[in-house]
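Participant: My file is work.csv. It has CSV, C-alpha atoms:
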chain,number,residue,atom,x,y,z
A,158,MET,CA,42.1,112.9,78.6
A,159,THR,CA,41.5,113.0,82.4
A,160,ALA,CA,39.3,111.3,84.8
A,161,GLU,CA,38.3,112.9,88.1
A,162,ILE,CA,37.3,111.3,91.4
A,163,ASP,CA,34.9,113.4,93.5
A,164,ASP,CA,34.5,112.2,97.0
A,165,ARG,CA,31.1,113.9,97.2
A,166,THR,CA,29.7,111.4,94.7
A,167,LEU,CA,30.5,108.5,97.0
A,168,SER,CA,27.8,107.3,99.3
A,169,ILE,CA,30.3,106.3,101.9
A,170,PRO,CA,30.5,107.9,105.3
A,171,ALA,CA,33.5,110.2,105.8
A,172,GLU,CA,35.0,107.9,108.5
A,173,ARG,CA,35.0,104.9,106.2
A,174,GLN,CA,36.4,107.0,103.4
A,175,ALA,CA,39.3,107.9,105.6
A,176,LEU,CA,39.9,104.3,106.2
A,177,LEU,CA,39.6,103.2,102.6
A,178,ARG,CA,41.6,106.1,101.1
A,179,PRO,CA,45.1,104.7,101.7
A,180,ALA,CA,44.1,101.4,100.1
A,181,LEU,CA,42.5,103.2,97.1
A,182,GLU,CA,45.6,105.4,96.7
A,183,TRP,CA,47.9,102.3,96.7
A,184,LEU,CA,45.6,100.5,94.2
A,185,ALA,CA,45.5,103.5,91.9
A,186,ARG,CA,49.3,103.9,91.8
A,187,LYS,CA,49.8,100.2,91.2
A,188,ALA,CA,47.1,100.1,88.5
A,189,GLU,CA,48.6,102.8,86.4
A,190,PRO,CA,51.5,100.9,84.9
A,191,VAL,CA,49.3,97.8,84.4
A,192,ALA,CA,46.6,99.8,82.6
A,193,ILE,CA,48.9,101.8,80.4
A,194,THR,CA,51.0,98.8,79.5
A,195,LEU,CA,47.9,96.7,78.6
A,196,GLY,CA,46.6,99.6,76.6
A,197,ALA,CA,49.9,99.9,74.7
A,198,ILE,CA,49.9,96.2,73.9
A,199,LEU,CA,46.3,96.4,72.6
A,200,ALA,CA,47.2,99.4,70.5
A,201,GLY,CA,50.3,97.8,69.2
A,202,THR,CA,48.5,94.6,68.2
A,203,ALA,CA,45.8,96.7,66.5
A,204,LEU,CA,48.4,98.5,64.4
A,205,PHE,CA,50.1,95.2,63.6
A,206,SER,CA,46.7,93.8,62.5
A,207,LEU,CA,46.4,96.7,60.0
A,208,PHE,CA,49.8,95.7,58.6
A,209,ILE,CA,48.8,92.1,58.3
A,210,LEU,CA,45.6,93.2,56.5
A,211,SER,CA,47.6,95.3,54.1
A,212,VAL,CA,49.5,92.2,52.9
A,213,GLY,CA,46.3,90.3,52.4
A,214,LYS,CA,46.4,88.0,55.4
A,215,SER,CA,44.0,87.4,58.3
A,216,PRO,CA,45.1,88.8,61.7
A,217,ALA,CA,42.8,86.3,63.4
A,218,ASP,CA,44.6,83.4,61.7
A,219,LEU,CA,48.0,84.9,62.6
A,220,TYR,CA,47.2,85.3,66.3
A,221,ARG,CA,45.8,81.8,66.3
A,222,PHE,CA,48.9,80.3,64.8
A,223,MET,CA,51.0,82.5,67.2
A,224,TYR,CA,49.2,81.0,70.1
A,225,THR,CA,49.5,77.5,68.7
A,226,GLY,CA,53.2,77.8,68.0
A,227,GLY,CA,54.0,79.4,71.3
A,228,PHE,CA,51.6,77.7,73.9
A,229,GLY,CA,49.3,75.4,72.0
A,230,SER,CA,51.0,72.1,73.1
A,231,TRP,CA,53.5,70.8,75.7
A,232,PHE,CA,56.2,70.8,73.0
A,233,SER,CA,55.4,74.5,72.1
A,234,ILE,CA,55.5,75.5,75.7
A,235,GLN,CA,58.9,73.9,76.3
A,236,ASN,CA,60.2,75.6,73.1
A,237,SER,CA,58.9,78.9,74.4
A,238,LEU,CA,60.5,78.5,77.8
A,239,SER,CA,63.8,77.6,76.2
A,240,ARG,CA,63.7,80.8,74.1
A,241,ALA,CA,62.7,82.8,77.2
A,242,SER,CA,65.8,81.7,79.1
A,243,PRO,CA,68.2,84.2,77.6
A,244,LEU,CA,65.6,87.0,77.5
A,245,LEU,CA,65.3,86.8,81.3
A,246,LEU,CA,69.0,87.7,81.6
A,247,THR,CA,69.3,90.2,78.8
A,248,ALA,CA,66.2,92.1,80.1
A,249,LEU,CA,67.9,92.5,83.4
A,250,CYS,CA,70.8,94.1,81.5
A,251,VAL,CA,68.3,96.9,80.6
A,252,ALA,CA,66.2,96.9,83.8
A,253,LEU,CA,68.9,97.3,86.4
A,254,PRO,CA,70.6,100.4,84.9
A,255,ALA,CA,67.1,101.8,84.2
A,256,ARG,CA,66.6,102.2,88.0
A,257,LEU,CA,69.4,104.7,87.8
A,258,GLY,CA,67.9,106.5,84.9
A,259,LEU,CA,70.3,104.9,82.4
A,260,VAL,CA,69.2,103.4,79.0
A,261,ILE,CA,71.5,100.5,78.1
A,262,ILE,CA,70.7,98.9,74.8
A,263,GLY,CA,74.0,97.1,74.1
A,264,GLY,CA,73.4,93.9,75.9
A,265,GLU,CA,74.0,92.0,72.7
A,266,GLY,CA,77.7,92.8,73.0
A,267,ALA,CA,77.9,91.3,76.4
A,268,VAL,CA,76.0,88.2,75.2
A,269,VAL,CA,78.4,87.4,72.4
A,270,LEU,CA,81.6,88.2,74.4
A,271,GLY,CA,80.3,86.2,77.3
A,272,GLY,CA,79.8,83.2,75.0
A,273,VAL,CA,83.3,83.6,73.5
A,274,ALA,CA,84.9,83.9,77.0
A,275,ALA,CA,83.1,80.8,78.2
A,276,ALA,CA,84.2,78.8,75.2
A,277,ALA,CA,87.8,80.1,75.4
A,278,ILE,CA,88.2,79.2,79.1
A,279,ALA,CA,86.6,75.8,78.5
A,280,LEU,CA,89.0,74.7,75.7
A,281,PRO,CA,92.2,74.1,77.9
A,282,ILE,CA,90.4,72.7,80.9
A,283,VAL,CA,87.9,70.2,79.4
A,284,GLY,CA,89.0,66.8,80.6
A,285,LEU,CA,91.2,68.2,83.3
A,286,LEU,CA,88.5,69.4,85.7
A,287,PRO,CA,85.0,67.9,86.6
A,288,PRO,CA,82.1,69.2,84.4
A,289,ILE,CA,80.5,71.2,87.2
A,290,VAL,CA,83.8,73.0,88.0
A,291,THR,CA,84.3,73.7,84.3
A,292,LEU,CA,80.7,75.1,83.9
A,293,LEU,CA,81.2,77.3,87.0
A,294,LEU,CA,84.5,78.7,85.6
A,295,MET,CA,82.8,79.3,82.2
A,296,ALA,CA,80.0,81.2,84.0
A,297,LEU,CA,82.5,83.2,86.0
A,298,ALA,CA,84.5,84.2,82.9
A,299,ALA,CA,81.3,85.1,81.0
A,300,MET,CA,80.0,87.3,83.8
A,301,VAL,CA,83.3,89.1,84.3
A,302,ILE,CA,83.7,89.9,80.6
A,303,GLY,CA,80.0,91.0,80.3
A,304,GLY,CA,80.3,93.1,83.4
A,305,ILE,CA,83.4,94.8,82.2
A,306,TRP,CA,81.9,95.5,78.8
A,307,ILE,CA,78.6,97.0,80.0
A,308,GLY,CA,80.3,98.6,83.0
A,309,LEU,CA,82.5,100.5,80.6
A,310,SER,CA,79.3,102.3,79.3
A,311,GLY,CA,78.5,103.3,82.9
A,312,PHE,CA,82.0,104.5,83.5
A,313,LEU,CA,82.0,106.6,80.4
A,314,ARG,CA,78.6,108.0,81.3
A,315,HIS,CA,79.5,109.2,84.8
A,316,TYR,CA,83.2,110.1,84.5
A,317,ARG,CA,83.3,111.4,80.9
A,318,GLY,CA,79.7,112.4,80.2
A,319,VAL,CA,79.4,110.0,77.2
A,320,ASN,CA,75.7,109.1,76.5
A,321,GLU,CA,75.3,105.5,77.7
A,322,THR,CA,72.7,104.6,75.0
A,323,ILE,CA,75.1,105.4,72.2
A,324,SER,CA,78.2,104.0,73.8
A,325,SER,CA,76.6,100.7,74.7
A,326,LEU,CA,75.2,100.3,71.2
A,327,LEU,CA,78.5,101.1,69.6
A,328,LEU,CA,80.3,98.7,72.0
A,329,ALA,CA,77.8,96.0,70.9
A,330,TYR,CA,79.0,96.3,67.3
A,331,ILE,CA,82.6,96.2,68.4
A,332,ALA,CA,81.9,93.1,70.5
A,333,ILE,CA,80.3,91.3,67.5
A,334,ALA,CA,83.4,92.2,65.4
A,335,LEU,CA,85.7,90.8,68.1
A,336,MET,CA,83.6,87.6,68.3
A,337,ASN,CA,83.9,87.1,64.6
A,338,GLN,CA,87.7,87.7,64.8
A,339,PHE,CA,88.1,85.1,67.6
A,340,VAL,CA,85.7,82.5,66.2
A,341,GLU,CA,87.1,82.7,62.7
A,342,GLY,CA,90.7,83.1,63.8
A,343,THR,CA,92.4,82.4,67.1
A,344,LEU,CA,89.8,80.1,68.6
A,345,ARG,CA,88.5,78.4,65.4
A,346,ASP,CA,88.2,74.7,65.3
A,347,PRO,CA,89.9,73.4,62.1
A,348,ALA,CA,87.1,70.9,61.7
A,349,SER,CA,84.4,73.7,61.4
A,350,LEU,CA,84.4,74.3,57.7
A,351,ASN,CA,81.1,75.8,56.6
A,352,LYS,CA,80.3,77.6,59.8
A,353,PRO,CA,83.4,78.7,61.8
A,354,SER,CA,83.1,77.9,65.5
A,355,THR,CA,85.2,77.0,68.5
A,356,LYS,CA,85.8,73.4,69.4
A,357,PRO,CA,82.5,71.8,70.6
A,358,LEU,CA,82.0,71.0,74.2
A,359,PRO,CA,81.8,67.2,75.1
A,360,HIS,CA,78.3,66.1,76.0
A,361,ASP,CA,79.2,65.6,79.6
A,362,TYR,CA,80.2,69.3,79.8
A,363,MET,CA,77.0,70.6,78.5
A,364,LEU,CA,74.3,72.2,80.7
A,365,GLY,CA,71.6,69.6,81.0
A,366,ASN,CA,67.9,69.8,81.0
A,367,ILE,CA,65.5,70.2,83.9
A,368,PRO,CA,64.2,66.7,84.9
A,369,GLY,CA,61.0,65.9,83.1
A,370,MET,CA,61.3,68.7,80.7
A,371,ASP,CA,63.1,69.4,77.4
A,372,VAL,CA,64.2,72.8,78.8
A,373,HIS,CA,67.7,73.5,79.9
A,374,TRP,CA,68.7,74.8,83.3
A,375,GLY,CA,69.2,78.2,81.9
A,376,LEU,CA,65.5,78.9,82.6
A,377,VAL,CA,66.0,78.3,86.3
A,378,ILE,CA,69.1,80.4,86.4
A,379,GLY,CA,67.3,83.3,84.7
A,380,ILE,CA,64.3,83.1,87.1
A,381,VAL,CA,66.7,83.0,90.1
A,382,ALA,CA,68.6,86.0,88.7
A,383,CYS,CA,65.3,88.0,88.4
A,384,ILE,CA,64.4,87.2,92.0
A,385,LEU,CA,67.8,88.2,93.3
A,386,SER,CA,67.7,91.4,91.3
A,387,TRP,CA,64.3,92.3,92.8
A,388,ILE,CA,65.7,91.6,96.3
A,389,LEU,CA,68.7,93.8,95.4
A,390,ILE,CA,66.6,96.7,94.2
A,391,GLU,CA,63.7,96.6,96.7
A,392,MET,CA,65.2,95.2,99.9
A,393,THR,CA,68.8,96.4,100.2
A,394,SER,CA,70.3,99.8,101.0
A,395,TYR,CA,72.3,99.6,97.8
A,396,GLY,CA,69.1,99.3,95.7
A,397,PHE,CA,67.5,102.1,97.7
A,398,ALA,CA,70.4,104.4,97.0
A,399,ALA,CA,70.2,103.5,93.3
A,400,ARG,CA,66.5,104.4,93.2
A,401,ILE,CA,67.2,107.7,94.9
A,402,ALA,CA,69.9,108.4,92.3
A,403,GLY,CA,67.6,107.4,89.5
A,404,GLY,CA,65.0,109.8,90.7
A,405,ASN,CA,67.3,112.8,91.2
A,406,VAL,CA,71.0,112.5,90.7
A,407,ARG,CA,71.7,116.0,92.1
A,408,ALA,CA,69.7,115.2,95.3
A,409,ALA,CA,71.6,111.9,95.7
A,410,GLN,CA,74.9,113.7,95.4
A,411,ILE,CA,73.9,116.3,98.0
A,412,GLN,CA,73.0,113.5,100.3
A,413,GLY,CA,76.5,112.1,99.9
A,414,LEU,CA,75.5,109.0,97.9
A,415,PRO,CA,78.3,107.4,95.8
A,416,VAL,CA,76.6,108.0,92.5
A,417,GLY,CA,79.6,107.1,90.4
A,418,ARG,CA,80.1,103.7,92.2
A,419,LEU,CA,76.3,103.1,91.9
A,420,ILE,CA,76.3,103.7,88.1
A,421,ALA,CA,79.5,101.6,87.6
A,422,GLY,CA,78.3,98.8,89.9
A,423,PHE,CA,74.8,98.5,88.5
A,424,THR,CA,75.9,98.5,84.9
A,425,ALA,CA,78.6,95.9,85.7
A,426,ILE,CA,76.0,93.7,87.4
A,427,ALA,CA,73.6,94.1,84.4
A,428,GLY,CA,76.4,93.2,82.0
A,429,SER,CA,77.3,90.1,84.0
A,430,PHE,CA,73.8,88.8,83.5
A,431,ALA,CA,74.0,89.4,79.8
A,432,GLY,CA,77.4,87.7,79.7
A,433,LEU,CA,75.9,84.7,81.6
A,434,ALA,CA,73.2,84.5,78.9
A,435,GLY,CA,76.0,84.0,76.3
A,436,MET,CA,77.6,81.3,78.4
A,437,ILE,CA,74.2,79.5,78.7
A,438,GLU,CA,73.8,79.7,74.9
A,439,VAL,CA,77.2,78.0,74.5
A,440,ALA,CA,76.8,75.4,77.2
A,441,ALA,CA,73.2,74.5,76.7
A,442,VAL,CA,72.2,75.3,73.1
A,443,GLN,CA,75.0,75.7,70.6
A,444,GLY,CA,77.8,73.6,72.2
A,445,SER,CA,80.4,76.1,70.9
A,446,ALA,CA,80.9,79.8,70.2
A,447,ASN,CA,79.9,80.8,66.7
A,448,ALA,CA,78.0,83.5,64.8
A,449,SER,CA,74.7,82.2,66.2
A,450,LEU,CA,75.5,83.9,69.4
A,451,ALA,CA,74.4,87.2,67.8
A,452,ALA,CA,70.8,86.0,67.6
A,453,GLY,CA,69.3,89.3,68.8
A,454,TYR,CA,68.5,88.3,72.3
A,455,GLY,CA,70.1,91.4,73.6
A,456,TYR,CA,67.8,93.6,71.5
A,457,THR,CA,64.6,91.6,72.4
A,458,GLY,CA,65.6,92.0,76.0
A,459,ILE,CA,65.1,95.7,75.6
A,460,LEU,CA,61.4,95.2,74.7
A,461,VAL,CA,61.0,92.7,77.6
A,462,ALA,CA,62.4,95.2,80.1
A,463,PHE,CA,60.2,98.0,78.9
A,464,LEU,CA,57.1,95.9,78.9
A,465,ALA,CA,57.9,94.8,82.4
A,466,ARG,CA,58.4,98.4,83.5
A,467,HIS,CA,61.9,97.4,84.6
A,468,ASN,CA,60.5,95.3,87.3
A,469,PRO,CA,62.6,92.1,87.7
A,470,LEU,CA,59.7,90.0,88.8
A,471,ALA,CA,57.5,91.2,85.9
A,472,ILE,CA,60.3,90.3,83.5
A,473,ILE,CA,59.6,86.6,84.1
A,474,PRO,CA,56.0,86.4,82.5
A,475,VAL,CA,56.9,89.0,79.9
A,476,ALA,CA,60.0,87.0,78.8
A,477,ILE,CA,57.9,83.8,78.5
A,478,LEU,CA,55.3,85.7,76.4
A,479,LEU,CA,58.0,87.1,74.1
A,480,GLY,CA,59.6,83.7,73.9
A,481,GLY,CA,56.3,82.2,72.8
A,482,ILE,CA,55.9,84.8,70.1
A,483,ASP,CA,59.4,84.2,68.9
A,484,ALA,CA,58.8,80.4,68.9
A,485,SER,CA,55.7,80.8,66.7
A,486,GLY,CA,57.7,82.4,63.8
A,487,GLY,CA,58.3,79.1,62.0
A,488,LEU,CA,54.7,78.0,62.2
A,489,ILE,CA,53.5,81.4,60.9
A,490,GLN,CA,56.0,81.1,58.0
A,491,ARG,CA,54.8,77.6,57.0
A,492,ARG,CA,51.0,78.1,57.4
A,493,MET,CA,50.6,81.6,56.2
A,494,GLY,CA,53.4,82.1,53.8
A,495,LEU,CA,54.7,85.1,55.8
A,496,PRO,CA,58.4,85.7,56.5
A,497,ASP,CA,59.9,84.4,59.7
A,498,ALA,CA,60.7,88.0,60.6
A,499,THR,CA,57.0,88.8,60.9
A,500,VAL,CA,57.3,88.4,64.7
A,501,LEU,CA,60.1,91.0,64.6
A,502,VAL,CA,57.7,93.5,63.0
A,503,LEU,CA,55.2,92.8,65.9
A,504,GLN,CA,58.0,93.3,68.5
A,505,GLY,CA,59.1,96.5,66.8
A,506,THR,CA,55.5,97.8,66.7
A,507,LEU,CA,54.9,97.0,70.3
A,508,PHE,CA,58.2,98.7,71.3
A,509,ILE,CA,57.3,102.0,69.4
A,510,VAL,CA,53.8,102.1,71.0
A,511,ILE,CA,55.2,101.4,74.5
A,512,LEU,CA,57.7,104.3,74.1
A,513,PHE,CA,54.9,106.5,72.9
A,514,CYS,CA,52.6,105.6,75.8
A,515,GLU,CA,55.4,106.6,78.3
A,516,THR,CA,54.0,110.1,77.9
A,517,PHE,CA,50.7,109.1,79.4
A,518,TYR,CA,52.1,108.5,82.9
A,519,GLY,CA,50.8,111.0,85.4
A,520,ARG,CA,48.2,112.4,83.0
A,521,PHE,CA,45.2,110.4,84.3
A,522,LYS,CA,43.8,111.8,87.6
A,523,ILE,CA,42.2,108.5,88.4
A,524,PHE,CA,45.7,107.0,88.8
A,525,ASN,CA,47.1,110.1,90.7
A,526,PRO,CA,45.7,110.4,94.2
A,527,ASP,CA,47.4,113.7,94.7
A,528,LEU,CA,45.0,115.2,92.1
A,529,TRP,CA,41.9,113.7,93.6
A,530,LYS,CA,39.3,116.2,94.9
A,531,ARG,CA,39.2,116.0,98.6
A,532,SER,CA,36.0,116.4,100.5
A,533,ALA,CA,35.5,119.1,102.9
Please express the file's structure as structure tokens.

Facilitator:
Amino acid sequence: MTAEIDDRTLSIPAERQALLRPALEWLARKAEPVAITLGAILAGTALFSLFILSVGKSPADLYRFMYTGGFGSWFSIQNSLSRASPLLLTALCVALPARLGLVIIGGEGAVVLGGVAAAAIALPIVGLLPPIVTLLLMALAAMVIGGIWIGLSGFLRHYRGVNETISSLLLAYIAIALMNQFVEGTLRDPASLNKPSTKPLPHDYMLGNIPGMDVHWGLVIGIVACILSWILIEMTSYGFAARIAGGNVRAAQIQGLPVGRLIAGFTAIAGSFAGLAGMIEVAAVQGSANASLAAGYGYTGILVAFLARHNPLAIIPVAILLGGIDASGGLIQRRMGLPDATVLVLQGTLFIVILFCETFYGRFKIFNPDLWKRSA
């Protein structure tokens, strides 16, 4: 499973090879994640097609309805963009700690607690402060709670040696239980009978839509967050130190880098983005905190982050793609008689194949210039 490049087979003068080689090496290294990710997606969809055939349905019809439901019309595109908004932020909750070698999968907990915190702080100040101030305070409260919740996993990882994957997942279940306790108890609106929730926000205090679109401002917030995260990782000394610690923690410690503060800081920033996603769900979609906050955005964000190779800029198109797949679930259910959860099966299949394909990195010589045969 290797491919070799032999400079002797190239009919290019040695001088020109020396000039072209840096560009070829850069292109080869950049092409590896793209090629392996695309291969994983194709393999995952092929396996999913076998599953669809096994239940007596046509994969071609399914993918056609998936495209129609996600991107086939302006209405479908807007629906997909709306569903992508929280995925942008929850994917960052996974991608940022991953630069330090951490696997955080409990973003769902920060989402639900962020939504509850936003609703709780809005209740006493609605009508007393302008809407923009109220929304900013809601966002701040959600980000602080989300940052503390995910930051706790980073703290336990560095200072107590607790596996961050397990701790963040368990904390997510605790967060959902706390959300149910608050929504059905302390913060419950007496008028919410069938579906317990907090008191709904007035229309003037809701996060509005982007002009000319039926998509709320959460999409813009998510895109800005991805851009700022890329700047943090790629263009600041803080991000550079995090990448060093992610590559070799021991080497970072020898160089005197504050690994503990890096881990706690990056996990806190990641959690604040997930908490902000919960606030946006309350202020732009639900209008109140209720059980719908636990919609699985935190878990889908894991797939988005891995598909994007933890690159904040790549998260943007991947989140839109996954948002479109999610938006097509209803159409698939109506037209093909398949359960709405069919798209979840596809997401799970893709995630498993992507994890499996992680073992292929570094195995293809064509993508590894250090293994190329050099001419005499």

Participant: So that I can see what lies close to Phe339 (chain A), please list as a PDB file with C-alpha atoms, in the frame of the given file the residues with an atom at most 12 Å from it, counting only C-alpha atoms and leaving out residues fewer than 3 positions away in the same chain.

Facilitator:
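Below you can see out_7.pdb, which holds the result:
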ATOM      1  CA  VAL A 269      78.400  87.400  72.400  1.00  0.00           C
ATOM      2  CA  LEU A 270      81.600  88.200  74.400  1.00  0.00           C
ATOM      3  CA  GLY A 272      79.800  83.200  75.000  1.00  0.00           C
ATOM      4  CA  VAL A 273      83.300  83.600  73.500  1.00  0.00           C
ATOM      5  CA  ALA A 274      84.900  83.900  77.000  1.00  0.00           C
ATOM      6  CA  ALA A 276      84.200  78.800  75.200  1.00  0.00           C
ATOM      7  CA  ALA A 277      87.800  80.100  75.400  1.00  0.00           C
ATOM      8  CA  ALA A 332      81.900  93.100  70.500  1.00  0.00           C
ATOM      9  CA  ILE A 333      80.300  91.300  67.500  1.00  0.00           C
ATOM     10  CA  ALA A 334      83.400  92.200  65.400  1.00  0.00           C
ATOM     11  CA  LEU A 335      85.700  90.800  68.100  1.00  0.00           C
ATOM     12  CA  MET A 336      83.600  87.600  68.300  1.00  0.00           C
ATOM     13  CA  GLY A 342      90.700  83.100  63.800  1.00  0.00           C
ATOM     14  CA  THR A 343      92.400  82.400  67.100  1.00  0.00           C
ATOM     15  CA  LEU A 344      89.800  80.100  68.600  1.00  0.00           C
ATOM     16  CA  ARG A 345      88.500  78.400  65.400  1.00  0.00           C
ATOM     17  CA  ASP A 346      88.200  74.700  65.300  1.00  0.00           C
ATOM     18  CA  PRO A 353      83.400  78.700  61.800  1.00  0.00           C
ATOM     19  CA  SER A 354      83.100  77.900  65.500  1.00  0.00           C
ATOM     20  CA  THR A 355      85.200  77.000  68.500  1.00  0.00           C
ATOM     21  CA  ALA A 446      80.900  79.800  70.200  1.00  0.00           C
ATOM     22  CA  ASN A 447      79.900  80.800  66.700  1.00  0.00           C
ATOM     23  CA  ALA A 448      78.000  83.500  64.800  1.00  0.00           C
TER      24      ALA A 448
END

Participant: I'd like the contact shell of region 253-258 of chain A - 6 Å cut-off, only C-alpha atoms, skipping same-chain residues fewer than 3 positions apart - returned as a list in words.

Facilitator: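 In the requested format, the answer is Leu249, Ala399, Arg400, Ala402, Gly403, Phe423 and Thr424 of chain A.
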
Participant: Can you write just those residues out, C-alpha atoms, as a PDB file, in the frame of the given file?

Facilitator:
ATOM      1  CA  LEU A 249      67.900  92.500  83.400  1.00  0.00           C
ATOM      2  CA  ALA A 399      70.200 103.500  93.300  1.00  0.00           C
ATOM      3  CA  ARG A 400      66.500 104.400  93.200  1.00  0.00           C
ATOM      4  CA  ALA A 402      69.900 108.400  92.300  1.00  0.00           C
ATOM      5  CA  GLY A 403      67.600 107.400  89.500  1.00  0.00           C
ATOM      6  CA  PHE A 423      74.800  98.500  88.500  1.00  0.00           C
ATOM      7  CA  THR A 424      75.900  98.500  84.900  1.00  0.00           C
TER       8      THR A 424
END

Participant: So how far away is CA of Leu464 (chain A) from CA of Ala252 (chain A), in Å?

Facilitator: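 Rounded to one decimal, the two atoms are 10.4 Å apart.
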
Participant: In Å, how far is it from CA of Ile426 (chain A) to CA of Gly304 (chain A)?

Facilitator: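 These two atoms are separated by 5.9 Å.
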
Participant: Give me the residues within 10 Å of Ile477 (chain A) as a compact mmCIF listing (two decimals) with C-alpha atoms, in the frame of the given file, counting all atoms listed in the file and dropping any in the same chain fewer than 3 places off.

Facilitator:
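The resulting file, result.txt, is reproduced below:
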# COMPACT_ATOMS: atom_id res chain seq x y z
CA GLY A 227 54.00 79.40 71.30
CA PHE A 228 51.60 77.70 73.90
CA ILE A 234 55.50 75.50 75.70
CA SER A 237 58.90 78.90 74.40
CA LEU A 238 60.50 78.50 77.80
CA SER A 239 63.80 77.60 76.20
CA ARG A 240 63.70 80.80 74.10
CA ALA A 241 62.70 82.80 77.20
CA SER A 242 65.80 81.70 79.10
CA LEU A 244 65.60 87.00 77.50
CA LEU A 245 65.30 86.80 81.30
CA LEU A 376 65.50 78.90 82.60
CA VAL A 461 61.00 92.70 77.60
CA ILE A 472 60.30 90.30 83.50
CA ILE A 473 59.60 86.60 84.10
CA PRO A 474 56.00 86.40 82.50
CA GLY A 480 59.60 83.70 73.90
CA GLY A 481 56.30 82.20 72.80
CA ILE A 482 55.90 84.80 70.10
CA ASP A 483 59.40 84.20 68.90

Participant: When distances are computed from all atoms listed in the file, which of A:Lys214, A:Lys356, A:Lys187, A:His373 shows the smallest separation from Ala441 (chain A)?

Facilitator: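 The closest residue to Ala441 (chain A) is A:His373.
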
Participant: Quick check, in Å to one decimal: how far apart do CA of Val475 (chain A) and CA of Val268 (chain A) lie?

Facilitator: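 So the two atoms, CA of Val475 (chain A) and CA of Val268 (chain A), lie 19.7 Å apart.
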
Participant: Choose the residue, out of A:Ala296, A:Ala409, A:Val319, A:Cys514, that has the smallest atom-to-atom separation from Ile437 (chain A); count only C-alpha atoms.

Facilitator: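 Closest candidate: A:Ala296.
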
Participant: Quick one: residues within 8 Å of region 488-490 of chain A, all atoms listed in the file counted, chain neighbours fewer than 4 positions away excluded, as a ChimeraX atom specification?

Facilitator: /A:219,222-223,226,494-497

Participant: Could you please take those selected residues and save C-alpha atoms as a PDB file, keeping the file's coordinate frame?

Facilitator:
ATOM      1  CA  LEU A 219      48.000  84.900  62.600  1.00  0.00           C
ATOM      2  CA  PHE A 222      48.900  80.300  64.800  1.00  0.00           C
ATOM      3  CA  MET A 223      51.000  82.500  67.200  1.00  0.00           C
ATOM      4  CA  GLY A 226      53.200  77.800  68.000  1.00  0.00           C
ATOM      5  CA  GLY A 494      53.400  82.100  53.800  1.00  0.00           C
ATOM      6  CA  LEU A 495      54.700  85.100  55.800  1.00  0.00           C
ATOM      7  CA  PRO A 496      58.400  85.700  56.500  1.00  0.00           C
ATOM      8  CA  ASP A 497      59.900  84.400  59.700  1.00  0.00           C
TER       9      ASP A 497
END

Participant: For Pro469 (chain A), which residue out of A:Leu328, A:Ile390, A:Met300, A:Ala434 is the nearest one, using only C-alpha atoms?

Facilitator: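 Closest candidate: A:Ile390.
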
Participant: Determine the nearest neighbour of Trp231 (chain A) from the options A:Met370, A:Ala188, A:Ala348, A:Ala275, counting all atoms listed in the file.

Facilitator: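 Nearest to Trp231 (chain A): A:Met370.
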
Participant: Ranking A:Ser324, A:Asn468, A:Thr202, A:Ser394 by minimum distance to Pro216 (chain A) and counting only C-alpha atoms, which one comes first?

Facilitator: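 Nearest candidate to Pro216 (chain A) out of A:Ser324, A:Asn468, A:Thr202, A:Ser394: A:Thr202.
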
Participant: Give the answer as one residue: which of A:Pro243, A:Ile302, A:Gly379, A:Ala484 has the shortest atom-to-atom distance to Val442 (chain A), using all atoms listed in the file?

Facilitator: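 Going through A:Pro243, A:Ile302, A:Gly379, A:Ala484 one by one, the smallest distance to Val442 (chain A) is for A:Pro243.
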